[in-house]
>>> print(open('work-v9.cif').read())   # mmCIF, C-alpha atoms
data_my_file
#
loop_
_atom_site.label_atom_id
_atom_site.label_comp_id
_atom_site.auth_asym_id
_atom_site.auth_seq_id
_atom_site.Cartn_x
_atom_site.Cartn_y
_atom_site.Cartn_z
CA MET A 19 -43.20 89.25 -69.00
CA SER A 20 -41.51 92.06 -70.94
CA HIS A 21 -41.49 92.38 -74.73
CA LEU A 22 -37.75 91.71 -74.58
CA ALA A 23 -38.39 88.38 -72.85
CA GLU A 24 -41.05 87.54 -75.48
CA LEU A 25 -38.50 88.30 -78.19
CA ALA A 26 -35.99 86.05 -76.41
CA VAL A 27 -38.60 83.26 -76.33
CA LEU A 28 -39.11 83.71 -80.09
CA ILE A 29 -35.36 83.56 -80.81
CA VAL A 30 -34.80 80.50 -78.59
CA ALA A 31 -37.81 78.80 -80.22
CA ALA A 32 -36.47 79.59 -83.71
CA LEU A 33 -33.06 78.09 -82.88
CA SER A 34 -34.69 75.05 -81.24
CA GLY A 35 -36.99 74.64 -84.25
CA THR A 36 -34.02 74.72 -86.61
CA LEU A 37 -32.10 72.04 -84.70
CA GLY A 38 -35.23 70.03 -83.96
CA ALA A 39 -36.41 69.90 -87.57
CA MET A 40 -32.92 68.95 -88.76
CA LEU A 41 -32.69 66.04 -86.35
CA GLY A 42 -36.31 64.90 -86.13
CA LEU A 43 -36.66 66.10 -82.53
CA GLY A 44 -39.41 68.30 -81.19
CA GLY A 45 -37.09 70.94 -79.81
CA GLY A 46 -38.52 70.70 -76.28
CA VAL A 47 -35.20 69.38 -74.99
CA PHE A 48 -33.71 72.80 -75.74
CA MET A 49 -36.70 75.05 -75.07
CA VAL A 50 -37.87 73.86 -71.64
CA PRO A 51 -34.52 74.25 -69.83
CA ILE A 52 -33.73 77.62 -71.45
CA PHE A 53 -37.23 79.07 -70.96
CA SER A 54 -37.40 78.05 -67.32
CA ALA A 55 -33.79 78.52 -66.22
CA PHE A 56 -32.87 81.68 -68.12
CA LEU A 57 -36.11 83.46 -69.12
CA GLY A 58 -38.04 83.05 -65.88
CA VAL A 59 -40.92 81.07 -67.40
CA PRO A 60 -42.57 78.70 -64.86
CA ILE A 61 -41.60 75.11 -65.70
CA LYS A 62 -45.17 73.88 -66.38
CA THR A 63 -45.83 76.84 -68.69
CA ALA A 64 -42.53 76.13 -70.46
CA ILE A 65 -43.44 72.46 -70.91
CA ALA A 66 -46.90 73.34 -72.30
CA ALA A 67 -45.52 75.95 -74.72
CA SER A 68 -42.78 73.62 -75.87
CA ALA A 69 -45.28 70.78 -76.44
CA LEU A 70 -47.33 73.09 -78.65
CA ALA A 71 -44.15 74.17 -80.42
CA VAL A 72 -43.36 70.50 -81.07
CA ILE A 73 -46.59 70.25 -83.09
CA VAL A 74 -45.71 73.36 -85.11
CA ASN A 75 -42.20 72.01 -85.64
CA SER A 76 -43.64 68.70 -86.78
CA LEU A 77 -46.15 70.29 -89.18
CA GLY A 78 -43.57 72.71 -90.59
CA GLY A 79 -40.68 70.26 -90.81
CA ALA A 80 -42.70 67.27 -91.98
CA SER A 81 -44.39 69.33 -94.73
CA VAL A 82 -40.95 69.86 -96.30
CA TYR A 83 -39.84 66.25 -95.74
CA LEU A 84 -43.17 64.88 -97.03
CA LYS A 85 -42.87 66.99 -100.17
CA HIS A 86 -39.47 65.37 -100.81
CA ARG A 87 -40.86 61.92 -99.91
CA MET A 88 -38.41 61.37 -97.07
CA VAL A 89 -41.07 60.40 -94.50
CA ASN A 90 -41.81 56.67 -94.35
CA ILE A 91 -45.53 57.04 -93.53
CA ARG A 92 -46.27 53.34 -93.05
CA LEU A 93 -43.28 52.81 -90.77
CA ALA A 94 -44.26 55.95 -88.82
CA LEU A 95 -47.79 54.59 -88.25
CA VAL A 96 -46.52 51.21 -87.05
CA LEU A 97 -44.09 52.85 -84.63
CA LEU A 98 -46.66 55.44 -83.51
CA ILE A 99 -49.03 52.72 -82.31
CA ALA A 100 -46.25 51.12 -80.28
CA THR A 101 -44.88 54.42 -78.95
CA THR A 102 -48.26 55.80 -77.93
CA LEU A 103 -49.32 52.54 -76.25
CA GLY A 104 -46.05 52.69 -74.31
CA ALA A 105 -46.69 56.35 -73.45
CA ILE A 106 -50.16 55.46 -72.10
CA ALA A 107 -48.65 52.79 -69.85
CA GLY A 108 -45.99 55.27 -68.73
CA ALA A 109 -48.54 58.02 -68.05
CA VAL A 110 -50.68 55.66 -65.97
CA LEU A 111 -47.75 54.29 -63.99
CA VAL A 112 -46.07 57.65 -63.41
CA SER A 113 -47.64 58.10 -59.98
CA ILE A 114 -46.50 54.73 -58.61
CA ALA A 115 -43.15 54.14 -60.32
CA PRO A 116 -39.82 54.89 -58.58
CA VAL A 117 -38.91 57.81 -60.85
CA ASP A 118 -35.24 58.07 -59.81
CA VAL A 119 -34.60 54.40 -60.62
CA LEU A 120 -36.31 54.86 -63.97
CA ARG A 121 -34.27 57.98 -64.66
CA LEU A 122 -31.15 55.93 -64.03
CA VAL A 123 -32.35 53.16 -66.38
CA PHE A 124 -33.26 55.76 -68.95
CA ALA A 125 -29.86 57.48 -68.69
CA LEU A 126 -28.10 54.13 -69.13
CA ALA A 127 -30.31 53.33 -72.14
CA LEU A 128 -29.37 56.69 -73.66
CA TYR A 129 -25.65 56.05 -73.10
CA GLY A 130 -26.23 52.70 -74.87
CA MET A 131 -27.83 54.54 -77.81
CA ILE A 132 -24.87 56.93 -77.93
CA ALA A 133 -22.53 53.93 -78.14
CA LEU A 134 -24.66 52.43 -80.94
CA LEU A 135 -24.79 55.73 -82.82
CA SER A 136 -21.02 56.05 -82.53
CA SER A 137 -20.46 52.52 -83.83
CA ARG A 138 -19.68 51.66 -87.43
CA ARG A 139 -23.06 50.02 -87.82
CA ALA A 140 -24.87 53.35 -87.63
CA SER A 141 -22.85 54.75 -90.51
CA SER A 142 -22.90 51.58 -92.62
CA ASP A 143 -24.95 51.44 -95.82
CA PRO A 144 -28.67 50.68 -95.50
CA ILE A 145 -30.03 47.25 -96.44
CA THR A 146 -31.53 47.50 -99.92
CA SER A 147 -32.25 43.87 -100.81
CA GLY A 148 -33.99 40.96 -99.16
CA ALA A 149 -37.48 40.31 -97.88
CA ASP A 150 -39.73 43.28 -97.10
CA ARG A 151 -42.63 41.29 -95.67
CA GLN A 152 -44.35 44.26 -94.06
CA SER A 153 -43.90 46.50 -97.14
CA LEU A 154 -42.10 49.12 -95.07
CA GLY A 155 -39.23 49.81 -97.48
CA GLY A 156 -38.58 53.37 -98.59
CA ALA A 157 -36.55 55.51 -100.96
CA PHE A 158 -35.66 59.20 -101.12
CA TYR A 159 -33.34 61.51 -103.01
CA ASP A 160 -30.40 62.68 -100.88
CA PRO A 161 -29.11 66.00 -102.27
CA ALA A 162 -25.93 65.81 -100.12
CA ALA A 163 -25.00 62.45 -101.66
CA GLY A 164 -26.55 63.26 -105.05
CA THR A 165 -28.25 59.89 -105.24
CA VAL A 166 -31.49 58.05 -104.46
CA VAL A 167 -31.16 56.15 -101.18
CA ARG A 168 -33.21 52.96 -100.89
CA TYR A 169 -33.65 50.98 -97.69
CA ILE A 170 -35.63 48.16 -96.11
CA PRO A 171 -36.13 48.54 -92.34
CA GLN A 172 -34.66 45.56 -90.45
CA ARG A 173 -35.77 43.92 -87.17
CA VAL A 174 -39.18 45.54 -87.36
CA ALA A 175 -40.61 43.50 -84.46
CA LEU A 176 -37.66 44.36 -82.22
CA GLY A 177 -37.77 48.00 -83.32
CA THR A 178 -41.49 48.17 -82.54
CA ALA A 179 -40.93 46.61 -79.11
CA ALA A 180 -38.12 49.08 -78.43
CA SER A 181 -40.45 51.91 -79.53
CA THR A 182 -42.99 50.76 -76.95
CA PHE A 183 -40.26 50.97 -74.31
CA ALA A 184 -39.23 54.41 -75.61
CA GLY A 185 -42.87 55.52 -75.45
CA PHE A 186 -43.19 54.09 -71.95
CA LEU A 187 -40.23 56.11 -70.74
CA SER A 188 -41.38 59.26 -72.52
CA GLY A 189 -44.84 58.92 -70.94
CA LEU A 190 -43.28 58.34 -67.55
CA LEU A 191 -40.90 61.28 -67.77
CA GLY A 192 -43.26 63.60 -69.66
CA VAL A 193 -40.91 64.15 -72.60
CA GLY A 194 -41.34 63.71 -76.36
CA GLY A 195 -39.94 60.64 -78.04
CA GLY A 196 -38.01 62.07 -81.01
CA PHE A 197 -34.57 61.84 -79.44
CA MET A 198 -35.13 58.10 -78.88
CA GLN A 199 -36.92 57.30 -82.15
CA VAL A 200 -34.16 58.59 -84.44
CA PRO A 201 -31.34 56.48 -82.91
CA LEU A 202 -33.69 53.47 -82.66
CA MET A 203 -34.66 53.64 -86.32
CA ASN A 204 -31.09 54.36 -87.40
CA THR A 205 -29.15 51.80 -85.38
CA LEU A 206 -31.65 49.00 -84.75
CA MET A 207 -33.76 49.14 -87.90
CA ARG A 208 -30.99 50.37 -90.21
CA VAL A 209 -33.09 53.26 -91.53
CA PRO A 210 -30.78 55.97 -92.97
CA VAL A 211 -30.43 58.82 -90.47
CA LYS A 212 -32.09 61.37 -92.80
CA ALA A 213 -35.16 59.18 -93.36
CA ALA A 214 -35.23 58.44 -89.60
CA ALA A 215 -35.14 62.18 -88.79
CA ALA A 216 -37.85 62.94 -91.38
CA THR A 217 -40.09 60.08 -90.17
CA SER A 218 -39.58 61.13 -86.56
CA ALA A 219 -40.41 64.76 -87.45
CA TYR A 220 -43.79 63.51 -88.68
CA MET A 221 -44.34 61.23 -85.67
CA ILE A 222 -43.61 63.68 -82.85
CA GLY A 223 -46.50 65.97 -83.80
CA VAL A 224 -49.01 63.12 -83.54
CA THR A 225 -47.56 61.96 -80.21
CA VAL A 226 -48.02 65.23 -78.31
CA VAL A 227 -51.54 66.23 -79.48
CA GLY A 228 -53.22 64.65 -76.44
CA SER A 229 -50.82 66.29 -74.00
CA VAL A 230 -51.35 69.77 -75.49
CA LEU A 231 -55.14 69.42 -75.23
CA LEU A 232 -54.70 68.50 -71.57
CA TYR A 233 -52.41 71.49 -71.00
CA TYR A 234 -55.09 73.74 -72.54
CA ALA A 235 -57.80 72.20 -70.36
CA ASN A 236 -55.61 72.79 -67.29
CA ASP A 237 -54.90 76.46 -68.20
CA LEU A 238 -51.20 75.82 -68.69
CA LEU A 239 -51.05 77.23 -72.22
CA VAL A 240 -50.06 80.87 -71.75
CA PRO A 241 -50.33 82.90 -75.01
CA GLN A 242 -47.57 85.25 -73.83
CA VAL A 243 -45.12 82.31 -74.10
CA ALA A 244 -46.95 80.06 -76.57
CA VAL A 245 -47.47 82.65 -79.33
CA PRO A 246 -43.79 83.67 -79.71
CA SER A 247 -42.84 79.98 -79.39
CA VAL A 248 -45.17 79.01 -82.23
CA ILE A 249 -43.93 81.78 -84.52
CA GLY A 250 -40.26 81.13 -83.66
CA VAL A 251 -40.48 77.38 -84.11
CA PHE A 252 -42.34 77.76 -87.40
CA LEU A 253 -39.51 79.91 -88.80
CA GLY A 254 -36.89 77.52 -87.39
CA SER A 255 -38.58 74.42 -88.78
CA GLN A 256 -38.56 75.89 -92.28
CA ILE A 257 -34.82 76.52 -92.05
CA GLY A 258 -34.01 73.26 -90.23
CA SER A 259 -35.87 70.91 -92.55
CA ARG A 260 -34.17 72.44 -95.59
CA LEU A 261 -30.76 72.31 -93.90
CA GLY A 262 -31.45 68.71 -92.84
CA ARG A 263 -31.80 67.61 -96.46
CA HIS A 264 -28.45 69.09 -97.47
CA VAL A 265 -26.29 68.36 -94.40
CA ARG A 266 -24.36 65.09 -94.50
CA GLY A 267 -25.84 62.24 -92.45
CA LEU A 268 -22.60 61.96 -90.50
CA TRP A 269 -22.96 65.49 -89.14
CA LEU A 270 -26.61 64.93 -88.20
CA ARG A 271 -25.52 61.89 -86.22
CA ARG A 272 -22.73 63.83 -84.46
CA ILE A 273 -25.12 66.60 -83.38
CA LEU A 274 -27.60 63.98 -82.19
CA ILE A 275 -24.89 62.27 -80.12
CA LEU A 276 -24.05 65.57 -78.39
CA ILE A 277 -27.72 66.18 -77.53
CA LEU A 278 -28.17 62.62 -76.23
CA LEU A 279 -25.04 63.03 -74.13
CA TYR A 280 -26.52 66.17 -72.54
CA LEU A 281 -29.85 64.43 -71.88
CA ALA A 282 -28.29 61.25 -70.48
CA THR A 283 -26.02 63.22 -68.15
CA THR A 284 -28.92 65.42 -66.98
CA LEU A 285 -30.98 62.33 -66.14
CA LEU A 286 -28.08 60.63 -64.43
CA LEU A 287 -27.45 63.69 -62.25
CA GLN A 288 -31.16 63.93 -61.39
CA ALA A 289 -31.22 60.23 -60.51
CA LEU A 290 -28.28 60.85 -58.16
CA GLY A 291 -30.14 63.73 -56.50
CA VAL A 292 -28.23 66.59 -58.13
CA THR A 293 -30.39 69.58 -59.10
CA VAL A 294 -30.02 70.50 -62.76
CA PRO A 295 -31.23 74.04 -63.65
CA GLY A 296 -34.29 73.98 -65.87
CA ALA A 297 -34.53 70.17 -65.97
CA ARG A 298 -37.93 68.54 -65.52
CA MET B 28 -47.32 56.54 -100.96
CA GLY B 29 -45.76 59.35 -103.01
CA HIS B 30 -49.16 60.78 -103.87
CA LEU B 31 -50.21 60.56 -100.22
CA SER B 32 -46.99 62.29 -99.13
CA ASN B 33 -47.73 65.22 -101.44
CA ARG B 34 -51.31 65.53 -100.23
CA LEU B 35 -50.23 65.41 -96.60
CA ALA B 36 -47.51 68.02 -97.25
CA ARG B 37 -50.10 70.30 -98.88
CA LEU B 38 -52.52 69.83 -95.98
CA TYR B 39 -49.83 70.67 -93.42
CA ARG B 40 -48.75 73.79 -95.33
CA PHE B 41 -52.38 74.95 -95.73
CA TRP B 42 -53.08 74.23 -92.05
CA LEU B 43 -50.04 76.22 -90.89
CA ALA B 44 -50.88 79.10 -93.23
CA ILE B 45 -54.37 79.42 -91.71
CA VAL B 46 -52.99 79.23 -88.17
CA LEU B 47 -50.32 81.84 -88.82
CA VAL B 48 -52.82 84.27 -90.40
CA VAL B 49 -55.28 83.93 -87.48
CA LEU B 50 -52.44 84.15 -84.97
CA ALA B 51 -50.99 87.24 -86.66
CA VAL B 52 -54.38 89.01 -86.68
CA GLY B 53 -55.09 88.05 -83.05
CA THR B 54 -51.64 89.10 -81.87
CA ALA B 55 -51.76 92.42 -83.77
CA LEU B 56 -55.21 93.27 -82.35
CA ASP B 57 -54.08 92.24 -78.88
CA LEU B 58 -50.98 94.44 -79.01
CA ILE B 59 -53.00 97.40 -80.37
CA GLU B 60 -55.57 96.96 -77.58
CA ASP B 61 -53.31 96.84 -74.51
CA ARG B 62 -49.73 96.50 -75.83
CA GLN B 63 -49.47 93.06 -74.24
CA LEU B 64 -50.01 89.43 -75.20
CA GLU B 65 -52.65 87.55 -73.21
CA THR B 66 -51.62 85.66 -70.10
CA GLN B 67 -54.53 83.18 -70.30
CA THR B 68 -56.28 81.25 -73.04
CA VAL B 69 -60.06 81.53 -73.49
CA PRO B 70 -61.92 78.44 -72.15
CA LEU B 71 -63.68 76.29 -74.74
CA SER B 72 -67.11 77.15 -73.28
CA GLY B 73 -66.76 80.85 -74.12
CA LEU B 74 -64.62 80.57 -77.22
CA VAL B 75 -67.30 80.80 -79.93
CA SER B 76 -69.12 83.76 -78.40
CA ARG B 77 -65.87 85.68 -77.88
CA LEU B 78 -64.71 84.81 -81.39
CA THR B 79 -67.89 86.23 -82.90
CA ALA B 80 -67.33 89.37 -80.81
CA GLY B 81 -63.86 89.70 -82.39
CA ASP B 82 -61.97 89.24 -79.13
CA PRO B 83 -58.20 89.09 -79.88
CA ALA B 84 -57.59 86.60 -77.03
CA ALA B 85 -60.19 84.28 -78.58
CA LEU B 86 -58.43 84.54 -81.95
CA GLU B 87 -55.10 83.63 -80.34
CA THR B 88 -56.67 80.68 -78.48
CA ALA B 89 -58.44 79.47 -81.64
CA ALA B 90 -55.15 79.56 -83.56
CA LEU B 91 -53.38 77.57 -80.83
CA LEU B 92 -56.19 74.98 -80.78
CA VAL B 93 -56.34 74.67 -84.57
CA VAL B 94 -52.59 74.06 -84.80
CA THR B 95 -52.90 71.36 -82.14
CA LEU B 96 -55.41 69.51 -84.30
CA GLY B 97 -53.14 69.58 -87.39
CA PRO B 98 -51.63 66.10 -86.88
CA VAL B 99 -55.14 64.69 -86.26
CA ALA B 100 -56.30 66.20 -89.57
CA GLY B 101 -53.28 64.50 -91.17
CA LEU B 102 -54.34 61.11 -89.79
CA VAL B 103 -57.91 61.64 -91.03
CA LEU B 104 -56.52 62.48 -94.49
CA ILE B 105 -54.42 59.28 -94.50
CA ILE B 106 -57.47 57.19 -93.50
CA ALA B 107 -59.68 58.78 -96.18
CA SER B 108 -57.07 58.63 -98.94
CA CYS B 109 -56.02 55.05 -98.22
CA ALA B 110 -59.59 53.82 -97.81
CA ARG B 111 -60.49 55.37 -101.17
CA SER B 112 -57.46 53.89 -102.94
CA GLY B 113 -58.09 50.44 -101.44
CA ASP B 114 -55.04 50.44 -99.15
CA ARG B 115 -56.99 49.07 -96.21
CA ARG B 116 -53.90 48.13 -94.24
CA THR B 117 -52.52 51.67 -94.04
CA ALA B 118 -56.01 53.05 -93.39
CA LEU B 119 -56.41 50.62 -90.50
CA LEU B 120 -52.98 51.53 -89.13
CA ALA B 121 -53.83 55.26 -89.23
CA PHE B 122 -57.22 54.60 -87.61
CA THR B 123 -55.55 52.63 -84.82
CA VAL B 124 -53.08 55.50 -84.26
CA LEU B 125 -56.03 57.91 -84.04
CA VAL B 126 -57.76 55.75 -81.41
CA VAL B 127 -54.56 55.27 -79.40
CA VAL B 128 -53.72 59.00 -79.57
CA ALA B 129 -57.23 59.82 -78.28
CA ALA B 130 -56.71 57.37 -75.41
CA LEU B 131 -53.50 59.08 -74.24
CA PRO B 132 -55.07 62.22 -72.68
CA VAL B 133 -57.73 60.03 -71.06
CA ALA B 134 -54.97 57.92 -69.50
CA ARG B 135 -53.09 61.04 -68.37
CA SER B 136 -56.21 62.55 -66.76
CA PHE B 137 -56.80 59.23 -65.01
CA ALA B 138 -53.20 59.19 -63.76
CA GLU B 139 -53.35 62.80 -62.51
CA ARG B 140 -56.34 62.09 -60.24
#
>>> encode(input="work-v9.cif", output="structure tokens")
Amino acid sequence: MSHLAELAVLIVAALSGTLGAMLGLGGGVFMVPIFSAFLGVPIKTAIAASALAVIVNSLGGASVYLKHRMVNIRLALVLLIATTLGAIAGAVLVSIAPVDVLRLVFALALYGMIALLSSRRASSDPITSGADRQSLGGAFYDPAAGTVVRYIPQRVALGTAASTFAGFLSGLLGVGGGFMQVPLMNTLMRVPVKAAAATSAYMIGVTVVGSVLLYYANDLLVPQVAVPSVIGVFLGSQIGSRLGRHVRGLWLRRILILILLYLATTLLLQALGVTVPGAR
Amino acid sequence: MGHLSNRLARLYRFWLAIVLVVLAVGTALDLIEDRQLETQTVPLSGLVSRLTAGDPAALETAALLVVTLGPVAGLVLIIASCARSGDRRTALLAFTVLVVVAALPVARSFAER
């Protein structure tokens, strides 16, 4: 790999880190296809480097969001248990499940999330009164709105069950869960999109630790790709998490919808047997 | 939770600072040595001995491993802080996450066989 290619990896990682930290995603959805399709990085090496970059993105982004108290730690822990249990089931079943059928189900689920995110409900005001039996309510200062936003997550049991399903699919398909967690929290649990993105930014780092250790054990972590990825994503996460606080929630949702549309279409094409460059 | 958020944010910043310093030193030494970044990480069995010998590849590998353990350190901090402040529920939640996260690579290794 030339120094120019390493520089390209760093730039792509920085851009992915910026977008990922803004939206509460890991950034792997951007990095893996670009690394493998355009920079000649073998797909498994790209996946391993991007998983490591997800951790850096999570640490960098969440440190800013945590400082501004936008991460709902208790909600994150509840959802993490569900997501990771789902991911374990998915990882175990990956060898026996009909992957194309699951890709199709997953694509349809993503189109459903896009519809939910586009609906009025996603943009409606959060629920601020009523019972908070699990003590999962949160509050944060939104600089874009110039006010403190308070919220009480709704349908926690349903949201947790859906998180298990999201984790199951992510384990099965070997992807992170951020792009599913943010719409789930926002549309189903009525968590404001900024708090959802911040909470997801914290969660994604915890979710991929086990996978990265396995990649290291299997010699898939290549410093030539991983080092520029780590540095690039760190820089991007610092920019993205600061931008994410100041950008209006509506714009965050619009960008998220575009990314979900890309992912859903990629999965649908794969399910139908069409080769998508750089897709896993 | 506000106090815990601040502590966690500080831990993450500190953790990243250490990683970036070690990574910068390792990368600089590596580039001075052969003008190229390593194409393989150092296995865990030889990591300590190569670190003490000042091997740049070992420094890079150590930085990558330390950053991987950042979220785990965060969970340990949540458990310790919440247990000390009497918030047993959050401590138990974080402990359960830790156990479940540890089970994931075991499940993956099992599935890959």
>>> resolve_selection(input="work-v9.cif", expression="the PyMOL selection byres ((chain A and resi 117-122) around 7)", output="number ranges by chain")
A: 115-116, 123-126, 285-286, 289
>>> residues_around(input="work-v9.cif", residues="Gly101 (chain B)", least_positions_apart="2", cutoff="10 Å", atoms="only C-alpha atoms", output="ChimeraX atom specification")
/A:77,220,224 /B:34-36,38-39,42,96-99,103-107,121
>>> interface_residues(input="work-v9.cif", of="chain B", to="chain A", cutoff="8 Å", atoms="only C-alpha atoms", output="NGL selection string")
:B and (28-29 or 32-33 or 35-37 or 39-40 or 43 or 47 or 50 or 64-68 or 70 or 87-88 or 91-92 or 94-99 or 117 or 120-121 or 123-124 or 127-132 or 134-139)
>>> write_last_selection(input="work-v9.cif", atoms="C-alpha atoms", output="short mmCIF file (atom, residue, chain, number, x, y, z; two decimals), in the coordinates of the input")
data_model
loop_
_atom_site.label_atom_id
_atom_site.label_comp_id
_atom_site.auth_asym_id
_atom_site.auth_seq_id
_atom_site.Cartn_x
_atom_site.Cartn_y
_atom_site.Cartn_z
CA MET B 28 -47.32 56.54 -100.96
CA GLY B 29 -45.76 59.35 -103.01
CA SER B 32 -46.99 62.29 -99.13
CA ASN B 33 -47.73 65.22 -101.44
CA LEU B 35 -50.23 65.41 -96.60
CA ALA B 36 -47.51 68.02 -97.25
CA ARG B 37 -50.10 70.30 -98.88
CA TYR B 39 -49.83 70.67 -93.42
CA ARG B 40 -48.75 73.79 -95.33
CA LEU B 43 -50.04 76.22 -90.89
CA LEU B 47 -50.32 81.84 -88.82
CA LEU B 50 -52.44 84.15 -84.97
CA LEU B 64 -50.01 89.43 -75.20
CA GLU B 65 -52.65 87.55 -73.21
CA THR B 66 -51.62 85.66 -70.10
CA GLN B 67 -54.53 83.18 -70.30
CA THR B 68 -56.28 81.25 -73.04
CA PRO B 70 -61.92 78.44 -72.15
CA GLU B 87 -55.10 83.63 -80.34
CA THR B 88 -56.67 80.68 -78.48
CA LEU B 91 -53.38 77.57 -80.83
CA LEU B 92 -56.19 74.98 -80.78
CA VAL B 94 -52.59 74.06 -84.80
CA THR B 95 -52.90 71.36 -82.14
CA LEU B 96 -55.41 69.51 -84.30
CA GLY B 97 -53.14 69.58 -87.39
CA PRO B 98 -51.63 66.10 -86.88
CA VAL B 99 -55.14 64.69 -86.26
CA THR B 117 -52.52 51.67 -94.04
CA LEU B 120 -52.98 51.53 -89.13
CA ALA B 121 -53.83 55.26 -89.23
CA THR B 123 -55.55 52.63 -84.82
CA VAL B 124 -53.08 55.50 -84.26
CA VAL B 127 -54.56 55.27 -79.40
CA VAL B 128 -53.72 59.00 -79.57
CA ALA B 129 -57.23 59.82 -78.28
CA ALA B 130 -56.71 57.37 -75.41
CA LEU B 131 -53.50 59.08 -74.24
CA PRO B 132 -55.07 62.22 -72.68
CA ALA B 134 -54.97 57.92 -69.50
CA ARG B 135 -53.09 61.04 -68.37
CA SER B 136 -56.21 62.55 -66.76
CA PHE B 137 -56.80 59.23 -65.01
CA ALA B 138 -53.20 59.19 -63.76
CA GLU B 139 -53.35 62.80 -62.51
#
>>> atom_distance(input="work-v9.cif", atom1="CA of Ile275 (chain A)", atom2="CA of Ser136 (chain A)")
7.7 Å
>>> atom_distance(input="work-v9.cif", atom1="CA of Ala180 (chain A)", atom2="CA of Ile65 (chain A)")
25.1 Å
>>> closest_residue(input="work-v9.cif", among="A:Ala175, A:Arg263, A:Ser137, A:Gly164", to="Gln152 (chain A)", atoms="all atoms listed in the file")
A:Ala175
>>> resolve_selection(input="work-v9.cif", expression="the PyMOL selection byres ((chain A and resi 28) around 6)", output="list of chain:residue names")
A:Leu25, A:Ala26, A:Val27, A:Ile29, A:Val30, A:Ala31, A:Pro246, A:Ser247, A:Gly250
>>> closest_residue(input="work-v9.cif", among="A:Ala282, A:Met131, A:Leu187, A:Arg271", to="Leu206 (chain A)", atoms="all atoms listed in the file")
A:Met131
>>> resolve_selection(input="work-v9.cif", expression="the PyMOL selection byres ((chain A and resi 267) around 9)", output="mmCIF file with C-alpha atoms, keeping the file's coordinate frame")
data_model
loop_
_atom_site.group_PDB
_atom_site.id
_atom_site.type_symbol
_atom_site.label_atom_id
_atom_site.label_comp_id
_atom_site.auth_asym_id
_atom_site.auth_seq_id
_atom_site.Cartn_x
_atom_site.Cartn_y
_atom_site.Cartn_z
ATOM 1 C CA SER A 141 -22.850 54.750 -90.510
ATOM 2 C CA ALA A 162 -25.930 65.810 -100.120
ATOM 3 C CA PRO A 210 -30.780 55.970 -92.970
ATOM 4 C CA VAL A 211 -30.430 58.820 -90.470
ATOM 5 C CA LYS A 212 -32.090 61.370 -92.800
ATOM 6 C CA GLY A 262 -31.450 68.710 -92.840
ATOM 7 C CA ARG A 263 -31.800 67.610 -96.460
ATOM 8 C CA HIS A 264 -28.450 69.090 -97.470
ATOM 9 C CA VAL A 265 -26.290 68.360 -94.400
ATOM 10 C CA ARG A 266 -24.360 65.090 -94.500
ATOM 11 C CA LEU A 268 -22.600 61.960 -90.500
ATOM 12 C CA TRP A 269 -22.960 65.490 -89.140
ATOM 13 C CA LEU A 270 -26.610 64.930 -88.200
ATOM 14 C CA ARG A 271 -25.520 61.890 -86.220
ATOM 15 C CA ARG A 272 -22.730 63.830 -84.460
#
>>> atom_distance(input="work-v9.cif", atom1="CA of Gly258 (chain A)", atom2="CA of Gly45 (chain A)")
11.1 Å
>>> residues_near_point(input="work-v9.cif", point="(-58.1, 89.9, -80.8)", cutoff="6 Å", atoms="all atoms listed in the file", output="list in words")
Gly53, Leu56, Asp57, Gly81, Asp82, Pro83, Ala84 and Leu86 of chain B
>>> closest_residue(input="work-v9.cif", among="A:Ser34, A:Thr178, A:Gln172, A:Ser153", to="Asn204 (chain A)", atoms="only C-alpha atoms")
A:Gln172
>>> decode(input="work-v9.cif", residues="region 118-131 of chain A", atoms="C-alpha atoms", output="tab-separated table (two decimals), in the first residue's frame")
chain	number	residue	atom	x	y	z
A	118	ASP	CA	-30.45	-13.81	1.46
A	119	VAL	CA	-33.90	-14.14	3.02
A	120	LEU	CA	-32.65	-12.32	6.11
A	121	ARG	CA	-31.12	-9.59	3.96
A	122	LEU	CA	-34.51	-9.14	2.34
A	123	VAL	CA	-36.25	-8.95	5.75
A	124	PHE	CA	-33.60	-6.54	6.94
A	125	ALA	CA	-33.97	-4.33	3.86
A	126	LEU	CA	-37.74	-4.22	4.33
A	127	ALA	CA	-37.28	-3.38	8.03
A	128	LEU	CA	-34.98	-0.52	7.04
A	129	TYR	CA	-37.50	0.81	4.51
A	130	GLY	CA	-40.04	0.68	7.37
A	131	MET	CA	-37.69	2.72	9.55
